[in-house]
Every structure is written in structure tokens, then in C-alpha cells.
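Shown next: protein_25.cif, given as mmCIF, C-alpha atoms; chains and numbers go by the auth columns.
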```cif
data_protein
loop_
_atom_site.group_PDB
_atom_site.id
_atom_site.type_symbol
_atom_site.label_atom_id
_atom_site.label_comp_id
_atom_site.label_asym_id
_atom_site.label_seq_id
_atom_site.Cartn_x
_atom_site.Cartn_y
_atom_site.Cartn_z
_atom_site.B_iso_or_equiv
_atom_site.auth_seq_id
_atom_site.auth_asym_id
ATOM 1 C CA MET A 1 42.257 13.111 -11.262 0.00 1 K
ATOM 2 C CA SER A 2 40.668 11.477 -8.226 0.00 2 K
ATOM 3 C CA ALA A 3 42.793 10.141 -5.407 0.00 3 K
ATOM 4 C CA TRP A 4 42.931 6.405 -4.892 0.00 4 K
ATOM 5 C CA LEU A 5 42.513 4.648 -1.557 0.00 5 K
ATOM 6 C CA TYR A 6 43.922 1.362 -0.309 0.00 6 K
ATOM 7 C CA SER A 7 40.352 0.276 0.392 0.00 7 K
ATOM 8 C CA ASP A 8 39.768 0.370 -3.373 0.00 8 K
ATOM 9 C CA TYR A 9 42.213 -2.521 -3.772 0.00 9 K
ATOM 10 C CA ILE A 10 42.280 -4.382 -0.474 0.00 10 K
ATOM 11 C CA SER A 11 39.454 -6.266 1.185 0.00 11 K
ATOM 12 C CA ILE A 12 39.189 -8.054 4.484 0.00 12 K
ATOM 13 C CA LYS A 13 38.483 -11.758 4.443 0.00 13 K
ATOM 14 C CA GLU A 14 35.743 -11.983 7.040 0.00 14 K
ATOM 15 C CA ASP A 15 36.082 -15.739 7.526 0.00 15 K
ATOM 16 C CA PHE A 16 39.863 -15.568 8.081 0.00 16 K
ATOM 17 C CA ILE A 17 41.147 -17.965 10.752 0.00 17 K
ATOM 18 C CA PRO A 18 44.219 -16.438 12.422 0.00 18 K
ATOM 19 C CA VAL A 19 45.281 -19.663 14.172 0.00 19 K
ATOM 20 C CA TYR A 20 44.151 -22.897 12.534 0.00 20 K
ATOM 21 C CA THR A 21 43.502 -25.598 15.122 0.00 21 K
ATOM 22 C CA LYS A 22 41.730 -28.936 15.362 0.00 22 K
ATOM 23 C CA GLU A 23 38.813 -27.103 16.963 0.00 23 K
ATOM 24 C CA GLN A 24 38.603 -24.634 14.062 0.00 24 K
ATOM 25 C CA ASP A 25 38.827 -27.511 11.610 0.00 25 K
ATOM 26 C CA THR A 26 35.908 -29.242 13.332 0.00 26 K
ATOM 27 C CA VAL A 27 33.731 -26.128 13.658 0.00 27 K
ATOM 28 C CA ARG A 28 34.401 -24.970 10.073 0.00 28 K
ATOM 29 C CA PRO A 29 34.644 -28.180 8.021 0.00 29 K
ATOM 30 C CA GLY A 30 35.438 -26.686 4.610 0.00 30 K
ATOM 31 C CA ALA A 31 37.866 -24.013 5.774 0.00 31 K
ATOM 32 C CA TRP A 32 40.895 -26.124 4.815 0.00 32 K
ATOM 33 C CA LYS A 33 40.078 -25.555 1.135 0.00 33 K
ATOM 34 C CA ALA A 34 41.233 -21.945 1.473 0.00 34 K
ATOM 35 C CA PHE A 35 44.839 -23.134 1.867 0.00 35 K
ATOM 36 C CA ILE A 36 46.753 -22.096 -1.255 0.00 36 K
ATOM 37 C CA PRO A 37 49.260 -24.755 -2.329 0.00 37 K
ATOM 38 C CA HIS A 38 52.416 -22.643 -2.566 0.00 38 K
ATOM 39 C CA ARG A 39 55.896 -24.093 -3.178 0.00 39 K
ATOM 40 C CA PRO A 40 56.427 -25.493 0.364 0.00 40 K
ATOM 41 C CA MET A 41 52.963 -27.101 0.251 0.00 41 K
ATOM 42 C CA ARG A 42 53.712 -28.725 -3.106 0.00 42 K
ATOM 43 C CA ASP A 43 57.006 -29.991 -1.664 0.00 43 K
ATOM 44 C CA LEU A 44 55.155 -31.405 1.353 0.00 44 K
ATOM 45 C CA LEU A 45 52.573 -33.121 -0.862 0.00 45 K
ATOM 46 C CA GLU A 46 55.386 -34.548 -2.984 0.00 46 K
ATOM 47 C CA ARG A 47 57.078 -35.989 0.116 0.00 47 K
ATOM 48 C CA VAL A 48 53.789 -37.385 1.431 0.00 48 K
ATOM 49 C CA THR A 49 53.048 -38.943 -1.960 0.00 49 K
ATOM 50 C CA LYS A 50 56.486 -40.591 -2.100 0.00 50 K
ATOM 51 C CA ALA A 51 56.059 -41.899 1.445 0.00 51 K
ATOM 52 C CA ILE A 52 52.685 -43.483 0.662 0.00 52 K
ATOM 53 C CA GLU A 53 53.951 -44.888 -2.634 0.00 53 K
ATOM 54 C CA ARG A 54 56.790 -46.440 -0.624 0.00 54 K
ATOM 55 C CA GLY A 55 59.348 -44.984 -2.990 0.00 55 K
ATOM 56 C CA PRO A 56 63.102 -45.148 -2.459 0.00 56 K
ATOM 57 C CA GLU A 57 62.986 -41.858 -0.561 0.00 57 K
ATOM 58 C CA CYS A 58 60.279 -43.080 1.834 0.00 58 K
ATOM 59 C CA LYS A 59 61.006 -41.287 5.088 0.00 59 K
ATOM 60 C CA SER A 60 59.139 -39.777 7.968 0.00 60 K
ATOM 61 C CA ILE A 61 57.993 -36.238 7.432 0.00 61 K
ATOM 62 C CA TRP A 62 58.786 -33.644 10.045 0.00 62 K
ATOM 63 C CA MET A 63 57.772 -30.033 9.603 0.00 63 K
ATOM 64 C CA ASN A 64 59.243 -27.139 11.475 0.00 64 K
ATOM 65 C CA GLY A 65 59.413 -23.418 11.006 0.00 65 K
ATOM 66 C CA ALA A 66 58.616 -20.061 12.487 0.00 66 K
ATOM 67 C CA TYR A 67 55.338 -19.376 14.254 0.00 67 K
ATOM 68 C CA GLY A 68 52.570 -18.211 11.935 0.00 68 K
ATOM 69 C CA THR A 69 53.939 -19.618 8.687 0.00 69 K
ATOM 70 C CA GLY A 70 50.960 -21.920 8.043 0.00 70 K
ATOM 71 C CA LYS A 71 52.379 -25.299 9.047 0.00 71 K
ATOM 72 C CA THR A 72 49.273 -26.418 10.944 0.00 72 K
ATOM 73 C CA PHE A 73 46.932 -25.132 8.240 0.00 73 K
ATOM 74 C CA GLY A 74 48.976 -26.966 5.608 0.00 74 K
ATOM 75 C CA VAL A 75 48.985 -30.214 7.587 0.00 75 K
ATOM 76 C CA PHE A 76 45.199 -30.056 7.912 0.00 76 K
ATOM 77 C CA ALA A 77 44.932 -29.524 4.143 0.00 77 K
ATOM 78 C CA VAL A 78 47.069 -32.649 3.569 0.00 78 K
ATOM 79 C CA LYS A 79 44.987 -34.581 6.111 0.00 79 K
ATOM 80 C CA HIS A 80 41.779 -33.658 4.278 0.00 80 K
ATOM 81 C CA ILE A 81 43.284 -34.422 0.866 0.00 81 K
ATOM 82 C CA LEU A 82 44.068 -37.938 2.112 0.00 82 K
ATOM 83 C CA GLU A 83 40.899 -38.633 4.127 0.00 83 K
ATOM 84 C CA ASP A 84 37.900 -36.607 2.933 0.00 84 K
ATOM 85 C CA PRO A 85 35.376 -37.864 0.399 0.00 85 K
ATOM 86 C CA MET A 86 36.872 -37.595 -3.076 0.00 86 K
ATOM 87 C CA ALA A 87 34.199 -35.097 -4.185 0.00 87 K
ATOM 88 C CA GLU A 88 35.425 -32.654 -1.529 0.00 88 K
ATOM 89 C CA VAL A 89 39.049 -33.189 -2.519 0.00 89 K
ATOM 90 C CA ASP A 90 38.228 -32.805 -6.231 0.00 90 K
ATOM 91 C CA GLU A 91 36.699 -29.409 -5.464 0.00 91 K
ATOM 92 C CA TYR A 92 40.038 -28.366 -3.951 0.00 92 K
ATOM 93 C CA PHE A 93 42.006 -29.919 -6.825 0.00 93 K
ATOM 94 C CA SER A 94 39.906 -28.155 -9.459 0.00 94 K
ATOM 95 C CA ARG A 95 40.562 -24.836 -7.768 0.00 95 K
ATOM 96 C CA TYR A 96 44.334 -25.301 -7.470 0.00 96 K
ATOM 97 C CA ALA A 97 45.180 -27.875 -10.171 0.00 97 K
ATOM 98 C CA GLN A 98 47.492 -25.428 -11.949 0.00 98 K
ATOM 99 C CA ASN A 99 49.549 -25.074 -8.747 0.00 99 K
ATOM 100 C CA LEU A 100 49.738 -28.817 -8.126 0.00 100 K
ATOM 101 C CA GLY A 101 50.502 -30.049 -11.647 0.00 101 K
ATOM 102 C CA GLN A 102 51.167 -33.800 -11.911 0.00 102 K
ATOM 103 C CA LEU A 103 50.611 -34.304 -8.188 0.00 103 K
ATOM 104 C CA VAL A 104 46.842 -34.255 -8.672 0.00 104 K
ATOM 105 C CA ALA A 105 46.873 -37.468 -10.730 0.00 105 K
ATOM 106 C CA ARG A 106 49.282 -39.175 -8.313 0.00 106 K
ATOM 107 C CA LEU A 107 47.213 -38.174 -5.285 0.00 107 K
ATOM 108 C CA ARG A 108 44.002 -39.401 -6.952 0.00 108 K
ATOM 109 C CA ALA A 109 45.681 -42.727 -7.719 0.00 109 K
ATOM 110 C CA LEU A 110 46.876 -43.019 -4.131 0.00 110 K
ATOM 111 C CA ARG A 111 43.373 -42.435 -2.861 0.00 111 K
ATOM 112 C CA GLU A 112 42.027 -45.160 -5.171 0.00 112 K
ATOM 113 C CA ASN A 113 44.727 -47.733 -4.385 0.00 113 K
ATOM 114 C CA HIS A 114 45.612 -47.187 -0.729 0.00 114 K
ATOM 115 C CA LYS A 115 43.856 -46.771 2.593 0.00 115 K
ATOM 116 C CA VAL A 116 45.695 -44.102 4.525 0.00 116 K
ATOM 117 C CA LEU A 117 45.464 -43.410 8.235 0.00 117 K
ATOM 118 C CA VAL A 118 46.668 -39.898 8.916 0.00 118 K
ATOM 119 C CA VAL A 119 48.261 -39.460 12.317 0.00 119 K
ATOM 120 C CA TYR A 120 49.363 -35.938 13.087 0.00 120 K
ATOM 121 C CA THR A 121 50.210 -33.750 16.006 0.00 121 K
ATOM 122 C CA SER A 122 50.302 -30.016 16.279 0.00 122 K
ATOM 123 C CA SER A 123 52.034 -27.633 18.643 0.00 123 K
ATOM 124 C CA ALA A 124 54.742 -30.121 19.510 0.00 124 K
ATOM 125 C CA ALA A 125 57.254 -27.592 20.811 0.00 125 K
ATOM 126 C CA HIS A 126 57.378 -29.563 24.072 0.00 126 K
ATOM 127 C CA ILE A 127 59.347 -32.362 22.409 0.00 127 K
ATOM 128 C CA ASN A 128 62.929 -32.024 23.594 0.00 128 K
ATOM 129 C CA SER A 129 64.240 -35.574 23.447 0.00 129 K
ATOM 130 C CA HIS A 130 63.879 -38.869 21.617 0.00 130 K
ATOM 131 C CA LEU A 131 61.838 -40.159 24.566 0.00 131 K
ATOM 132 C CA ASP A 132 59.402 -37.215 24.308 0.00 132 K
ATOM 133 C CA LEU A 133 59.073 -37.918 20.588 0.00 133 K
ATOM 134 C CA LEU A 134 58.392 -41.617 21.171 0.00 134 K
ATOM 135 C CA VAL A 135 55.715 -40.896 23.791 0.00 135 K
ATOM 136 C CA GLU A 136 54.067 -38.281 21.528 0.00 136 K
ATOM 137 C CA LEU A 137 54.043 -40.639 18.529 0.00 137 K
ATOM 138 C CA GLN A 138 52.641 -43.572 20.495 0.00 138 K
ATOM 139 C CA THR A 139 49.975 -41.397 22.100 0.00 139 K
ATOM 140 C CA ARG A 140 48.845 -39.844 18.809 0.00 140 K
ATOM 141 C CA VAL A 141 48.775 -43.182 16.956 0.00 141 K
ATOM 142 C CA GLU A 142 46.666 -44.726 19.721 0.00 142 K
ATOM 143 C CA GLN A 143 44.295 -41.727 19.833 0.00 143 K
ATOM 144 C CA THR A 144 43.876 -41.712 16.062 0.00 144 K
ATOM 145 C CA LEU A 145 43.155 -45.438 15.896 0.00 145 K
ATOM 146 C CA VAL A 146 40.494 -45.085 18.593 0.00 146 K
ATOM 147 C CA GLU A 147 38.986 -41.988 16.868 0.00 147 K
ATOM 148 C CA LYS A 148 38.696 -43.971 13.623 0.00 148 K
ATOM 149 C CA GLY A 149 36.865 -46.824 15.329 0.00 149 K
ATOM 150 C CA PHE A 150 39.684 -49.317 15.747 0.00 150 K
ATOM 151 C CA GLU A 151 40.063 -51.250 18.970 0.00 151 K
ATOM 152 C CA ARG A 152 42.562 -49.916 21.448 0.00 152 K
ATOM 153 C CA PRO A 153 45.981 -51.435 20.697 0.00 153 K
ATOM 154 C CA THR A 154 46.737 -54.498 22.820 0.00 154 K
ATOM 155 C CA GLY A 155 50.331 -53.600 23.644 0.00 155 K
ATOM 156 C CA ALA A 156 50.862 -50.896 26.225 0.00 156 K
ATOM 157 C CA SER A 157 52.552 -47.725 25.082 0.00 157 K
ATOM 158 C CA LEU A 158 55.514 -46.371 26.985 0.00 158 K
ATOM 159 C CA LEU A 159 53.315 -43.739 28.608 0.00 159 K
ATOM 160 C CA ASN A 160 50.663 -46.267 29.663 0.00 160 K
ATOM 161 C CA GLU A 161 53.333 -48.605 31.062 0.00 161 K
ATOM 162 C CA MET A 162 54.774 -45.771 33.125 0.00 162 K
ATOM 163 C CA LEU A 163 51.354 -44.624 34.371 0.00 163 K
ATOM 164 C CA GLY A 164 50.446 -48.208 35.269 0.00 164 K
ATOM 165 C CA LYS A 165 53.576 -48.558 37.392 0.00 165 K
ATOM 166 C CA MET A 166 52.897 -45.241 39.092 0.00 166 K
ATOM 167 C CA ARG A 167 49.313 -46.247 39.945 0.00 167 K
ATOM 168 C CA ASP A 168 50.252 -49.721 41.194 0.00 168 K
ATOM 169 C CA SER A 169 50.527 -49.647 44.996 0.00 169 K
ATOM 170 C CA THR A 170 52.820 -52.711 44.902 0.00 170 K
ATOM 171 C CA SER A 171 55.210 -51.075 42.432 0.00 171 K
ATOM 172 C CA VAL A 172 58.714 -49.917 43.298 0.00 172 K
ATOM 173 C CA PHE A 173 57.383 -46.356 43.227 0.00 173 K
ATOM 174 C CA SER A 174 54.173 -45.400 44.962 0.00 174 K
ATOM 175 C CA TRP A 175 52.857 -41.836 44.846 0.00 175 K
ATOM 176 C CA ALA A 176 50.857 -42.355 48.011 0.00 176 K
ATOM 177 C CA LYS A 177 53.905 -43.606 49.931 0.00 177 K
ATOM 178 C CA ALA A 178 56.091 -40.795 48.575 0.00 178 K
ATOM 179 C CA PHE A 179 53.654 -38.121 49.748 0.00 179 K
ATOM 180 C CA ALA A 180 52.974 -39.843 53.078 0.00 180 K
ATOM 181 C CA LYS A 181 56.699 -40.032 53.837 0.00 181 K
ATOM 182 C CA HIS A 182 57.120 -36.266 53.390 0.00 182 K
ATOM 183 C CA ALA A 183 53.721 -35.111 54.657 0.00 183 K
ATOM 184 C CA ASN A 184 55.007 -33.916 58.043 0.00 184 K
ATOM 185 C CA SER A 185 58.290 -32.462 56.802 0.00 185 K
#
```
What is this structure when it is put down as C-alpha cells?
Amino acid sequence: MSAWLYSDYISIKEDFIPVYTKEQDTVRPGAWKAFIPHRPMRDLLERVTKAIERGPECKSIWMNGAYGTGKTFGVFAVKHILEDPMAEVDEYFSRYAQNLGQLVARLRALRENHKVLVVYTSSAAHINSHLDLLVELQTRVEQTLVEKGFERPTGASLLNEMLGKMRDSTSVFSWAKAFAKHANS
């Protein structure tokens, strides 16, 4: 009887992405299709579907969890499912339809009946208050609108208002005056 080796059963995925980022998503456009829709992913897609359908449980979706659990990779998969050409999405659906069940039909219908603008952020561990959250949301919405070709929003975001006041030499606070006052201290 010959001895068996782990290498007989295990292979290395040469195109594995250890940390999925926006840069990786841009450089490797189809890599998101490798995301396997496990139970938490199906739950996320269900929540996203309900939110877009404006169902009675329509709420914001906030993901959290331990480092390295696939949150960012999963969010990029959802983003592509909602935004990519349907032929690309159908390729993903055909591969994992058995895992997604009835969600496939609902997601297809959503794509046909709704225009969806996906605004996401990643690595948001810096958010420690409601104000941080508000600034992050406003910034990401504005960036996404500009990336998608929309005009810059007319109203100033909280961050832009604050920066404008800090740059205005006639404002109550002036960086130049603050530094000049303490320059010889």
C-alpha cells in the first residue's frame, strides 16, 4: 500500500487574493466571481434585496466582524451583482444558483426594474461616533456620484463646510493666525 500525501488532495490557488481591496477589484475585474455565496452572503443578499424592494424591513445595512472573514470581498460581490452587465452577473448566478435559490430571480427582477447606485466604504474602523459616520457617509456618497458621472452635489457636506470655514481667513478660526500666534513660543 502506497503512502498518501496532502499534496495529492490539496492544491494552491495561484490567483488567490489575500486582502480584497478596491485596487485589487480594479486590477482583476472578474475576481469577485470567486466569492462563494455561503450562509452569511445569502443573508446579506436577502437584506440588500429587501432594502431595494423597499419592503417593510427596509433598513440600512451595516456589516461588521473579525478581520479576514471576507466582509470586503462579499461587499464587492454584492456591488458587482447590482452594477455589472447582466451577462457577467448571470455567469456568477449560473455557477452558484443552487446556493442562492429564489434570490436569483428576485435579484434579476431588481436589476430589470430599478437603477441602483451602490455606495460603499471599506476599512471603516476609524468611525467612533455618529459624527464620524455622518462625515464618512456624506463623503462616500459624493465620491460615488462623481465617479458615476453625476454633477457634484450642490449642498455642502459637513466636511466641506468645516474645511471651508478653516480655509476662510475671515472666519472665526484661522489656521494662519493660530500658527502665527504661537510661532515664537
Worksheet item: Where does the PyMOL selection byres ((chain K and resi 87-90) around 12) land in this file, that is, which residues does it pick, as a ChimeraX atom specification?
Response: /K:29-33,77-86,91-97,104-105,107-108,111
Discussion item. Assuming the chain letters and numbering stay as they are in my file, what does the PyMOL selection byres ((chain K and resi 65-72) around 12) actually select? List them as an MDAnalysis selection string.
Written reply: chainID K and resid 17:22 24:25 32 34:38 40:41 44 62:64 73:79 120:125
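Residues within 12 Å of segment 129-146 of chain K, counting all atoms listed in the file and excluding same-chain residues fewer than 3 positions away, are Ser60, Trp62, Val116, Leu117, Val118, Val119, Tyr120, Thr121, Ser122, Ser123, Ala124, Ala125, His126, Gly149, Phe150, Glu151, Arg152, Pro153, Thr154, Gly155, Ala156, Ser157, Leu158, Leu159, Asn160, Glu161 and Met162 of chain K.
Going from atom CA of Ile12 of chain K to atom CA of Val27 of chain K covers 21.0 Å.
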Worksheet entry | d(atom CA of Leu163 of chain K, atom CA of Ile61 of chain K) in Å |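 The value is 29.0 Å.
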Final N, CA, C and O atoms of segment 105-125 of chain K as a PDB file, in the coordinates of the input:
```
ATOM      1  N   ALA K 105      47.102 -36.096 -10.235  1.00  0.00           N
ATOM      2  CA  ALA K 105      46.873 -37.468 -10.730  1.00  0.00           C
ATOM      3  C   ALA K 105      47.465 -38.496  -9.772  1.00  0.00           C
ATOM      4  O   ALA K 105      46.842 -39.527  -9.492  1.00  0.00           O
ATOM      5  N   ARG K 106      48.655 -38.234  -9.245  1.00  0.00           N
ATOM      6  CA  ARG K 106      49.282 -39.175  -8.313  1.00  0.00           C
ATOM      7  C   ARG K 106      48.484 -39.287  -7.016  1.00  0.00           C
ATOM      8  O   ARG K 106      48.313 -40.383  -6.481  1.00  0.00           O
ATOM      9  N   LEU K 107      47.999 -38.158  -6.518  1.00  0.00           N
ATOM     10  CA  LEU K 107      47.213 -38.174  -5.285  1.00  0.00           C
ATOM     11  C   LEU K 107      45.881 -38.888  -5.484  1.00  0.00           C
ATOM     12  O   LEU K 107      45.437 -39.638  -4.617  1.00  0.00           O
ATOM     13  N   ARG K 108      45.249 -38.674  -6.646  1.00  0.00           N
ATOM     14  CA  ARG K 108      44.002 -39.401  -6.952  1.00  0.00           C
ATOM     15  C   ARG K 108      44.258 -40.905  -6.975  1.00  0.00           C
ATOM     16  O   ARG K 108      43.491 -41.694  -6.435  1.00  0.00           O
ATOM     17  N   ALA K 109      45.340 -41.300  -7.634  1.00  0.00           N
ATOM     18  CA  ALA K 109      45.681 -42.727  -7.719  1.00  0.00           C
ATOM     19  C   ALA K 109      45.953 -43.310  -6.330  1.00  0.00           C
ATOM     20  O   ALA K 109      45.525 -44.427  -6.029  1.00  0.00           O
ATOM     21  N   LEU K 110      46.626 -42.551  -5.492  1.00  0.00           N
ATOM     22  CA  LEU K 110      46.876 -43.019  -4.131  1.00  0.00           C
ATOM     23  C   LEU K 110      45.573 -43.249  -3.380  1.00  0.00           C
ATOM     24  O   LEU K 110      45.422 -44.242  -2.675  1.00  0.00           O
ATOM     25  N   ARG K 111      44.659 -42.320  -3.545  1.00  0.00           N
ATOM     26  CA  ARG K 111      43.373 -42.435  -2.861  1.00  0.00           C
ATOM     27  C   ARG K 111      42.614 -43.668  -3.340  1.00  0.00           C
ATOM     28  O   ARG K 111      41.915 -44.305  -2.561  1.00  0.00           O
ATOM     29  N   GLU K 112      42.732 -44.009  -4.622  1.00  0.00           N
ATOM     30  CA  GLU K 112      42.027 -45.160  -5.171  1.00  0.00           C
ATOM     31  C   GLU K 112      42.675 -46.484  -4.759  1.00  0.00           C
ATOM     32  O   GLU K 112      41.990 -47.492  -4.599  1.00  0.00           O
ATOM     33  N   ASN K 113      43.997 -46.486  -4.595  1.00  0.00           N
ATOM     34  CA  ASN K 113      44.727 -47.733  -4.385  1.00  0.00           C
ATOM     35  C   ASN K 113      45.199 -47.998  -2.958  1.00  0.00           C
ATOM     36  O   ASN K 113      45.698 -49.076  -2.671  1.00  0.00           O
ATOM     37  N   HIS K 114      45.097 -47.025  -2.088  1.00  0.00           N
ATOM     38  CA  HIS K 114      45.612 -47.187  -0.729  1.00  0.00           C
ATOM     39  C   HIS K 114      44.620 -46.641   0.296  1.00  0.00           C
ATOM     40  O   HIS K 114      43.975 -45.643   0.060  1.00  0.00           O
ATOM     41  N   LYS K 115      44.553 -47.310   1.428  1.00  0.00           N
ATOM     42  CA  LYS K 115      43.856 -46.771   2.593  1.00  0.00           C
ATOM     43  C   LYS K 115      44.923 -46.101   3.436  1.00  0.00           C
ATOM     44  O   LYS K 115      45.940 -46.713   3.766  1.00  0.00           O
ATOM     45  N   VAL K 116      44.700 -44.859   3.778  1.00  0.00           N
ATOM     46  CA  VAL K 116      45.695 -44.102   4.525  1.00  0.00           C
ATOM     47  C   VAL K 116      45.106 -43.664   5.858  1.00  0.00           C
ATOM     48  O   VAL K 116      43.996 -43.134   5.906  1.00  0.00           O
ATOM     49  N   LEU K 117      45.836 -43.911   6.917  1.00  0.00           N
ATOM     50  CA  LEU K 117      45.464 -43.410   8.235  1.00  0.00           C
ATOM     51  C   LEU K 117      46.400 -42.260   8.550  1.00  0.00           C
ATOM     52  O   LEU K 117      47.612 -42.448   8.663  1.00  0.00           O
ATOM     53  N   VAL K 118      45.856 -41.079   8.656  1.00  0.00           N
ATOM     54  CA  VAL K 118      46.668 -39.898   8.916  1.00  0.00           C
ATOM     55  C   VAL K 118      46.767 -39.696  10.424  1.00  0.00           C
ATOM     56  O   VAL K 118      45.763 -39.534  11.107  1.00  0.00           O
ATOM     57  N   VAL K 119      47.986 -39.732  10.912  1.00  0.00           N
ATOM     58  CA  VAL K 119      48.261 -39.460  12.317  1.00  0.00           C
ATOM     59  C   VAL K 119      49.100 -38.194  12.341  1.00  0.00           C
ATOM     60  O   VAL K 119      50.142 -38.131  11.703  1.00  0.00           O
ATOM     61  N   TYR K 120      48.628 -37.198  13.044  1.00  0.00           N
ATOM     62  CA  TYR K 120      49.363 -35.938  13.087  1.00  0.00           C
ATOM     63  C   TYR K 120      49.334 -35.391  14.505  1.00  0.00           C
ATOM     64  O   TYR K 120      48.528 -35.789  15.336  1.00  0.00           O
ATOM     65  N   THR K 121      50.237 -34.496  14.763  1.00  0.00           N
ATOM     66  CA  THR K 121      50.210 -33.750  16.006  1.00  0.00           C
ATOM     67  C   THR K 121      50.538 -32.309  15.671  1.00  0.00           C
ATOM     68  O   THR K 121      51.158 -32.032  14.652  1.00  0.00           O
ATOM     69  N   SER K 122      50.085 -31.436  16.499  1.00  0.00           N
ATOM     70  CA  SER K 122      50.302 -30.016  16.279  1.00  0.00           C
ATOM     71  C   SER K 122      50.793 -29.403  17.584  1.00  0.00           C
ATOM     72  O   SER K 122      50.526 -29.923  18.663  1.00  0.00           O
ATOM     73  N   SER K 123      51.503 -28.319  17.461  1.00  0.00           N
ATOM     74  CA  SER K 123      52.034 -27.633  18.643  1.00  0.00           C
ATOM     75  C   SER K 123      52.891 -28.579  19.464  1.00  0.00           C
ATOM     76  O   SER K 123      52.655 -28.809  20.644  1.00  0.00           O
ATOM     77  N   ALA K 124      53.896 -29.131  18.846  1.00  0.00           N
ATOM     78  CA  ALA K 124      54.742 -30.121  19.510  1.00  0.00           C
ATOM     79  C   ALA K 124      56.069 -29.519  19.981  1.00  0.00           C
ATOM     80  O   ALA K 124      57.087 -30.192  20.008  1.00  0.00           O
ATOM     81  N   ALA K 125      56.027 -28.260  20.363  1.00  0.00           N
ATOM     82  CA  ALA K 125      57.254 -27.592  20.811  1.00  0.00           C
ATOM     83  C   ALA K 125      57.789 -28.176  22.116  1.00  0.00           C
ATOM     84  O   ALA K 125      58.929 -27.937  22.488  1.00  0.00           O
TER      85      ALA K 125
END
```
